[in-house]
Amino acid sequence: MNVFLTGASGFIGGYIKKATADAGHNVITYNHRSQGPFKELPPGVDLVVNSAGRLGGRKVTVDELRSANITFPVALGNRCRKAGIPLIHLSTPGVTGLSANAGEDAPYDPLGDYESTKVEAEKQLLAICPGVTILRPDFVFGPGDMHKFPLFRQVRKGWFPLVGSGSARTRPTDVRDVADAVLNSFPGGILSKGIYNIGGPQVLSVREVAQYISVAMGRSVSFIPLPRFIFRTVLVFGPLCPGVLSKSRYQLFGSDRFCSTDKARKKGFVPARSFTITSLDTVNWYREQDLL
């Protein structure tokens with residue numbers, strides 16, 4: 001099968017590329033920076049997988065988010081519809097606000113600009129391509145990921161700030177399980193067509209996540225519980241606020257934020273990797289890169 005993959009140079013896209021090629025498919029990649037604006041699908045394409053996207057950040061504008069997360073996937077969807085080619089699109093559980101154990105049928109309740117653009121893309125793609133597969137990977141970790149590196153770096157320092165007691169729960173997900181989910185979304189696969197949350201086998205508290213990372217590093221970590229009002233007060237200082245006490249961390253680690261994976265499990269998709277494996281492999285990769 002000829003698979004047109006966008007975002008192959010990214011963290012998740014790179015794993016999808018390898019898994020797809022290892023499964024015997026021919027992978028045709030697209031990169032906006034090196035290939036310019038998207039115009040048409042290459043001839044002979046049998047399937048399109050969109051893992052491209054833009055995360056939010058202080059220097060990322062709403063227009064940039066909309067271009068990468070709405071305009072581009074909608075253009076892909078239109079081309080797929082006209083050519084009769086199936087589309088697999090990667091989104092985020094954040095489109096429903098990630099309330100505790102939220103399922104795929106939970107109402108849209110985006111947390112911020114990034115999630116809002118993902119909501120709009122989902123709505124338009126569902127209207128354009130009724131047979132689209134939308135995967136929502138939850139809190140993805142793995143070797144090669146620099147987005148979660150600050151968490152590992154903080155644990156290496158030997159202390160870790162917590163919002164309250166650190167009991168808020170999350171669902172860490174191995175990037176290799178995300179790639180496996182994509183393969184299972186190929187035409188005829190168990191996850192083909194529909195919306196599916198993709199998450200790891202464990203729901204862990206923030207404290208437990210840091211403990212797993214500390215064990216993988218072979219070192220101890222002390223926890224510093226911060227009352228919520230202190231955390232929120234420090235955030236008022238904006239750019240002067242320490243990075244370890246960021247607004248995104250308060251949102252993510254301040255309350256239960258994990259999705260339900262029951263729908264995918266009922267279809268037969270079971271993630272293969274525990275966070276013990278993920279954290280150890282990730283720590284080893286950081287060390288190979290002389291980052292830890």
# chains A, B, ... in the order shown; residues from 1 in each chain; ligands from 1
>>> residues_around(residues="Tyr196 in chain A", least_positions_apart="4", cutoff="9 Å", atoms="only C-alpha atoms", output="PyMOL selection string")
chain A and resi 103-104+133-137+191+261+263-264
>>> residues_around(residues="Val95 in chain A", least_positions_apart="4", cutoff="7 Å", atoms="only C-alpha atoms", output="NGL selection string")
:A and (108-110 or 115-116 or 118-119)
>>> select_by_dssp(residues="range 142-230 of chain A", states="helix (DSSP H, G or I)", output="ChimeraX atom specification")
/A:149-156,175-183,206-217,228-230
>>> residues_around(residues="Arg265 in chain A", least_positions_apart="2", cutoff="12 Å", atoms="only C-alpha atoms", output="ChimeraX atom specification")
/A:181,190-191,196-201,260-263,267-272
>>> write_last_selection(atoms="C-alpha atoms", output="tab-separated table (two decimals), in the first residue's frame")
chain	number	residue	atom	x	y	z
A	181	ALA	CA	-2.86	2.28	16.73
A	190	ILE	CA	-9.93	-2.89	14.05
A	191	LEU	CA	-9.77	0.90	14.51
A	196	TYR	CA	-10.76	6.65	19.16
A	197	ASN	CA	-8.90	7.77	22.26
A	198	ILE	CA	-5.48	6.12	22.37
A	199	GLY	CA	-3.87	5.80	25.80
A	200	GLY	CA	-1.47	3.71	27.81
A	201	PRO	CA	-2.52	0.84	30.10
A	260	SER	CA	-11.16	6.75	28.56
A	261	THR	CA	-9.77	4.10	26.21
A	262	ASP	CA	-12.70	1.70	26.57
A	263	LYS	CA	-13.87	2.14	22.99
A	267	LYS	CA	-12.43	-3.11	19.42
A	268	GLY	CA	-9.43	-5.23	20.44
A	269	PHE	CA	-6.68	-2.60	20.65
A	270	VAL	CA	-4.59	-3.08	23.79
A	271	PRO	CA	-1.45	-0.95	24.32
A	272	ALA	CA	1.61	-3.13	24.79
>>> closest_residue(among="A:Leu125, A:Leu111, A:Val27, A:Ile85", to="Ile70 in chain A", atoms="only C-alpha atoms")
A:Leu125
>>> select_by_dssp(residues="range 26-189 of chain A", states="strand (DSSP E)", output="list in words")
Asn26, Val27, Ile28, Thr29, Tyr30, Leu47, Val48, Val49, Asn50, Leu87, Ile88, His89, Leu90, Thr133, Ile134, Leu135, Arg136, Pro137, Val140, Phe141, Trp159, Phe160, Pro161, Leu162, Val163, Arg169, Thr170, Thr173 and Asp174 of chain A
>>> write_last_selection(atoms="C-alpha atoms", output="mmCIF file, in the first residue's frame")
data_model
loop_
_atom_site.group_PDB
_atom_site.id
_atom_site.type_symbol
_atom_site.label_atom_id
_atom_site.label_comp_id
_atom_site.auth_asym_id
_atom_site.auth_seq_id
_atom_site.Cartn_x
_atom_site.Cartn_y
_atom_site.Cartn_z
ATOM 1 C CA ASN A 26 5.617 2.271 0.842
ATOM 2 C CA VAL A 27 5.726 5.583 2.705
ATOM 3 C CA ILE A 28 5.548 8.881 0.819
ATOM 4 C CA THR A 29 6.234 11.795 3.136
ATOM 5 C CA TYR A 30 5.313 15.449 2.998
ATOM 6 C CA LEU A 47 -4.095 6.006 2.193
ATOM 7 C CA VAL A 48 -3.364 9.364 3.842
ATOM 8 C CA VAL A 49 -2.141 9.666 7.440
ATOM 9 C CA ASN A 50 -1.987 13.173 8.879
ATOM 10 C CA LEU A 87 -7.831 9.427 5.820
ATOM 11 C CA ILE A 88 -6.384 8.875 9.298
ATOM 12 C CA HIS A 89 -6.090 12.100 11.279
ATOM 13 C CA LEU A 90 -4.305 12.553 14.609
ATOM 14 C CA THR A 133 -10.514 7.816 11.334
ATOM 15 C CA ILE A 134 -9.607 10.257 14.090
ATOM 16 C CA LEU A 135 -7.133 9.121 16.735
ATOM 17 C CA ARG A 136 -6.659 11.103 19.956
ATOM 18 C CA PRO A 137 -3.371 10.060 21.640
ATOM 19 C CA VAL A 140 2.544 10.795 24.714
ATOM 20 C CA PHE A 141 6.045 9.839 25.901
ATOM 21 C CA TRP A 159 13.025 17.713 43.583
ATOM 22 C CA PHE A 160 9.638 18.035 41.935
ATOM 23 C CA PRO A 161 6.903 20.615 42.630
ATOM 24 C CA LEU A 162 3.352 19.315 42.915
ATOM 25 C CA VAL A 163 0.032 21.077 42.569
ATOM 26 C CA ARG A 169 -4.201 11.569 37.507
ATOM 27 C CA THR A 170 -3.043 11.295 33.913
ATOM 28 C CA THR A 173 1.067 6.754 26.485
ATOM 29 C CA ASP A 174 4.031 5.225 24.680
#
>>> atom_distance(atom1="CA of Asp281 in chain A", atom2="CA of Lys266 in chain A")
28.4 Å
>>> residues_around(residues="Leu291 in chain A", least_positions_apart="5", cutoff="10 Å", atoms="only C-alpha atoms", output="list in words")
Phe149, Phe152, Arg153, Val283, Asn284, Trp285 and Tyr286 of chain A
>>> closest_residue(among="A:Pro86, A:Pro73, A:Pro172, A:Gly131", to="Tyr212 in chain A", atoms="only C-alpha atoms")
A:Pro172
>>> residues_around(residues="range 203-206 of chain A", least_positions_apart="5", cutoff="7 Å", atoms="only C-alpha atoms", output="ChimeraX atom specification")
/A:166-171,253
>>> write_last_selection(atoms="N, CA and C atoms", output="compact mmCIF listing (two decimals), in the first residue's frame")
# COMPACT_ATOMS: atom_id res chain seq x y z
N GLY A 166 -0.38 16.33 44.48
CA GLY A 166 0.12 15.58 43.32
C GLY A 166 -0.71 14.36 43.02
N SER A 167 -1.96 14.35 43.51
CA SER A 167 -2.82 13.19 43.30
C SER A 167 -3.58 13.23 41.98
N ALA A 168 -3.50 14.36 41.27
CA ALA A 168 -4.18 14.45 39.97
C ALA A 168 -3.66 13.36 39.04
N ARG A 169 -4.57 12.73 38.31
CA ARG A 169 -4.20 11.57 37.51
C ARG A 169 -4.11 11.89 36.01
N THR A 170 -3.25 11.15 35.35
CA THR A 170 -3.04 11.30 33.91
C THR A 170 -2.81 9.91 33.32
N ARG A 171 -2.80 9.82 31.98
CA ARG A 171 -2.60 8.52 31.34
C ARG A 171 -1.42 8.61 30.38
N PHE A 253 -1.53 19.23 35.51
CA PHE A 253 -1.27 18.49 36.73
C PHE A 253 -2.12 18.94 37.91
>>> closest_residue(among="A:Gly84, A:Gly112, A:Gly24, A:Gly10", to="Thr96 in chain A", atoms="only C-alpha atoms")
A:Gly112
>>> closest_residue(among="A:Ser192, A:Thr276, A:Asn78, A:Asn184", to="Ile128 in chain A", atoms="only C-alpha atoms")
A:Asn78
>>> atom_distance(atom1="CA of Pro150 in chain A", atom2="CA of His32 in chain A")
27.4 Å
>>> decode(residues="range 127-170 of chain A", atoms="N, CA and C atoms", output="JSON list (two decimals), in the first residue's frame")
[["chain", "number", "residue", "atom", "x", "y", "z"],
["A", 127, "ALA", "N", -17.40, 16.22, 8.60],
["A", 127, "ALA", "CA", -18.39, 16.63, 7.60],
["A", 127, "ALA", "C", -17.91, 16.32, 6.19],
["A", 128, "ILE", "N", -16.60, 16.49, 5.95],
["A", 128, "ILE", "CA", -16.03, 16.28, 4.62],
["A", 128, "ILE", "C", -15.87, 14.80, 4.30],
["A", 129, "CYS", "N", -15.34, 14.05, 5.27],
["A", 129, "CYS", "CA", -15.02, 12.63, 5.06],
["A", 129, "CYS", "C", -15.74, 11.79, 6.12],
["A", 130, "PRO", "N", -16.96, 11.36, 5.86],
["A", 130, "PRO", "CA", -17.72, 10.59, 6.85],
["A", 130, "PRO", "C", -16.99, 9.33, 7.32],
["A", 131, "GLY", "N", -16.10, 8.77, 6.51],
["A", 131, "GLY", "CA", -15.38, 7.56, 6.87],
["A", 131, "GLY", "C", -14.01, 7.81, 7.46],
["A", 132, "VAL", "N", -13.74, 9.04, 7.89],
["A", 132, "VAL", "CA", -12.43, 9.38, 8.43],
["A", 132, "VAL", "C", -12.18, 8.65, 9.76],
["A", 133, "THR", "N", -10.92, 8.33, 10.03],
["A", 133, "THR", "CA", -10.51, 7.82, 11.33],
["A", 133, "THR", "C", -9.79, 8.93, 12.07],
["A", 134, "ILE", "N", -10.25, 9.24, 13.26],
["A", 134, "ILE", "CA", -9.61, 10.26, 14.09],
["A", 134, "ILE", "C", -9.08, 9.59, 15.35],
["A", 135, "LEU", "N", -7.77, 9.68, 15.54],
["A", 135, "LEU", "CA", -7.13, 9.12, 16.74],
["A", 135, "LEU", "C", -6.74, 10.26, 17.67],
["A", 136, "ARG", "N", -6.99, 10.08, 18.95],
["A", 136, "ARG", "CA", -6.66, 11.10, 19.96],
["A", 136, "ARG", "C", -5.67, 10.52, 20.97],
["A", 137, "PRO", "N", -4.36, 10.60, 20.70],
["A", 137, "PRO", "CA", -3.37, 10.06, 21.64],
["A", 137, "PRO", "C", -3.27, 10.92, 22.90],
["A", 138, "ASP", "N", -3.16, 10.26, 24.05],
["A", 138, "ASP", "CA", -3.17, 10.95, 25.34],
["A", 138, "ASP", "C", -1.76, 11.00, 25.95],
["A", 139, "PHE", "N", -1.23, 12.18, 26.25],
["A", 139, "PHE", "CA", -0.01, 12.41, 27.02],
["A", 139, "PHE", "C", 1.12, 11.47, 26.58],
["A", 140, "VAL", "N", 1.62, 11.72, 25.37],
["A", 140, "VAL", "CA", 2.54, 10.79, 24.71],
["A", 140, "VAL", "C", 3.99, 10.99, 25.18],
["A", 141, "PHE", "N", 4.64, 9.88, 25.51],
["A", 141, "PHE", "CA", 6.05, 9.84, 25.90],
["A", 141, "PHE", "C", 6.81, 8.92, 24.96],
["A", 142, "GLY", "N", 8.14, 8.96, 25.05],
["A", 142, "GLY", "CA", 8.96, 7.99, 24.33],
["A", 142, "GLY", "C", 10.31, 8.52, 23.94],
["A", 143, "PRO", "N", 11.21, 7.64, 23.56],
["A", 143, "PRO", "CA", 12.54, 8.06, 23.10],
["A", 143, "PRO", "C", 12.43, 9.04, 21.94],
["A", 144, "GLY", "N", 13.13, 10.16, 22.04],
["A", 144, "GLY", "CA", 13.10, 11.16, 20.98],
["A", 144, "GLY", "C", 12.20, 12.34, 21.28],
["A", 145, "ASP", "N", 11.42, 12.25, 22.36],
["A", 145, "ASP", "CA", 10.48, 13.33, 22.68],
["A", 145, "ASP", "C", 11.17, 14.42, 23.48],
["A", 146, "MET", "N", 11.18, 15.63, 22.94],
["A", 146, "MET", "CA", 11.76, 16.76, 23.67],
["A", 146, "MET", "C", 10.69, 17.58, 24.39],
["A", 147, "HIS", "N", 9.42, 17.35, 24.05],
["A", 147, "HIS", "CA", 8.35, 18.12, 24.67],
["A", 147, "HIS", "C", 8.21, 17.76, 26.15],
["A", 148, "LYS", "N", 8.42, 16.49, 26.52],
["A", 148, "LYS", "CA", 8.31, 16.07, 27.92],
["A", 148, "LYS", "C", 9.65, 16.09, 28.63],
["A", 149, "PHE", "N", 10.72, 16.44, 27.93],
["A", 149, "PHE", "CA", 12.05, 16.42, 28.54],
["A", 149, "PHE", "C", 12.14, 17.25, 29.82],
["A", 150, "PRO", "N", 11.47, 18.43, 29.90],
["A", 150, "PRO", "CA", 11.55, 19.20, 31.15],
["A", 150, "PRO", "C", 11.12, 18.42, 32.39],
["A", 151, "LEU", "N", 10.18, 17.48, 32.25],
["A", 151, "LEU", "CA", 9.77, 16.66, 33.39],
["A", 151, "LEU", "C", 10.92, 15.78, 33.86],
["A", 152, "PHE", "N", 11.61, 15.17, 32.92],
["A", 152, "PHE", "CA", 12.76, 14.32, 33.27],
["A", 152, "PHE", "C", 13.89, 15.16, 33.85],
["A", 153, "ARG", "N", 14.11, 16.30, 33.27],
["A", 153, "ARG", "CA", 15.17, 17.19, 33.77],
["A", 153, "ARG", "C", 14.87, 17.64, 35.19],
["A", 154, "GLN", "N", 13.60, 17.90, 35.47],
["A", 154, "GLN", "CA", 13.23, 18.32, 36.82],
["A", 154, "GLN", "C", 13.46, 17.20, 37.83],
["A", 155, "VAL", "N", 13.10, 15.97, 37.46],
["A", 155, "VAL", "CA", 13.33, 14.84, 38.36],
["A", 155, "VAL", "C", 14.82, 14.67, 38.61],
["A", 156, "ARG", "N", 15.63, 14.87, 37.58],
["A", 156, "ARG", "CA", 17.09, 14.74, 37.73],
["A", 156, "ARG", "C", 17.62, 15.72, 38.79],
["A", 157, "LYS", "N", 16.98, 16.86, 38.94],
["A", 157, "LYS", "CA", 17.42, 17.84, 39.94],
["A", 157, "LYS", "C", 17.21, 17.34, 41.36],
["A", 158, "GLY", "N", 16.38, 16.30, 41.51],
["A", 158, "GLY", "CA", 16.17, 15.72, 42.83],
["A", 158, "GLY", "C", 14.97, 16.27, 43.57],
["A", 159, "TRP", "N", 14.24, 17.21, 42.96],
["A", 159, "TRP", "CA", 13.02, 17.71, 43.58],
["A", 159, "TRP", "C", 11.99, 18.00, 42.52],
["A", 160, "PHE", "N", 10.71, 17.91, 42.91],
["A", 160, "PHE", "CA", 9.64, 18.03, 41.94],
["A", 160, "PHE", "C", 8.46, 18.74, 42.59],
["A", 161, "PRO", "N", 8.05, 19.90, 42.05],
["A", 161, "PRO", "CA", 6.90, 20.61, 42.63],
["A", 161, "PRO", "C", 5.59, 19.95, 42.23],
["A", 162, "LEU", "N", 4.66, 19.91, 43.16],
["A", 162, "LEU", "CA", 3.35, 19.32, 42.91],
["A", 162, "LEU", "C", 2.26, 20.36, 43.12],
["A", 163, "VAL", "N", 1.22, 20.26, 42.33],
["A", 163, "VAL", "CA", 0.03, 21.08, 42.57],
["A", 163, "VAL", "C", -0.78, 20.35, 43.64],
["A", 164, "GLY", "N", -0.85, 20.95, 44.82],
["A", 164, "GLY", "CA", -1.50, 20.26, 45.92],
["A", 164, "GLY", "C", -0.70, 19.03, 46.34],
["A", 165, "SER", "N", -1.37, 17.91, 46.46],
["A", 165, "SER", "CA", -0.71, 16.67, 46.89],
["A", 165, "SER", "C", -0.11, 15.89, 45.73],
["A", 166, "GLY", "N", -0.38, 16.33, 44.48],
["A", 166, "GLY", "CA", 0.12, 15.58, 43.32],
["A", 166, "GLY", "C", -0.71, 14.36, 43.02],
["A", 167, "SER", "N", -1.96, 14.35, 43.51],
["A", 167, "SER", "CA", -2.82, 13.19, 43.30],
["A", 167, "SER", "C", -3.58, 13.23, 41.98],
["A", 168, "ALA", "N", -3.50, 14.36, 41.27],
["A", 168, "ALA", "CA", -4.18, 14.45, 39.97],
["A", 168, "ALA", "C", -3.66, 13.36, 39.04],
["A", 169, "ARG", "N", -4.57, 12.73, 38.31],
["A", 169, "ARG", "CA", -4.20, 11.57, 37.51],
["A", 169, "ARG", "C", -4.11, 11.89, 36.01],
["A", 170, "THR", "N", -3.25, 11.15, 35.35],
["A", 170, "THR", "CA", -3.04, 11.30, 33.91],
["A", 170, "THR", "C", -2.81, 9.91, 33.32]]
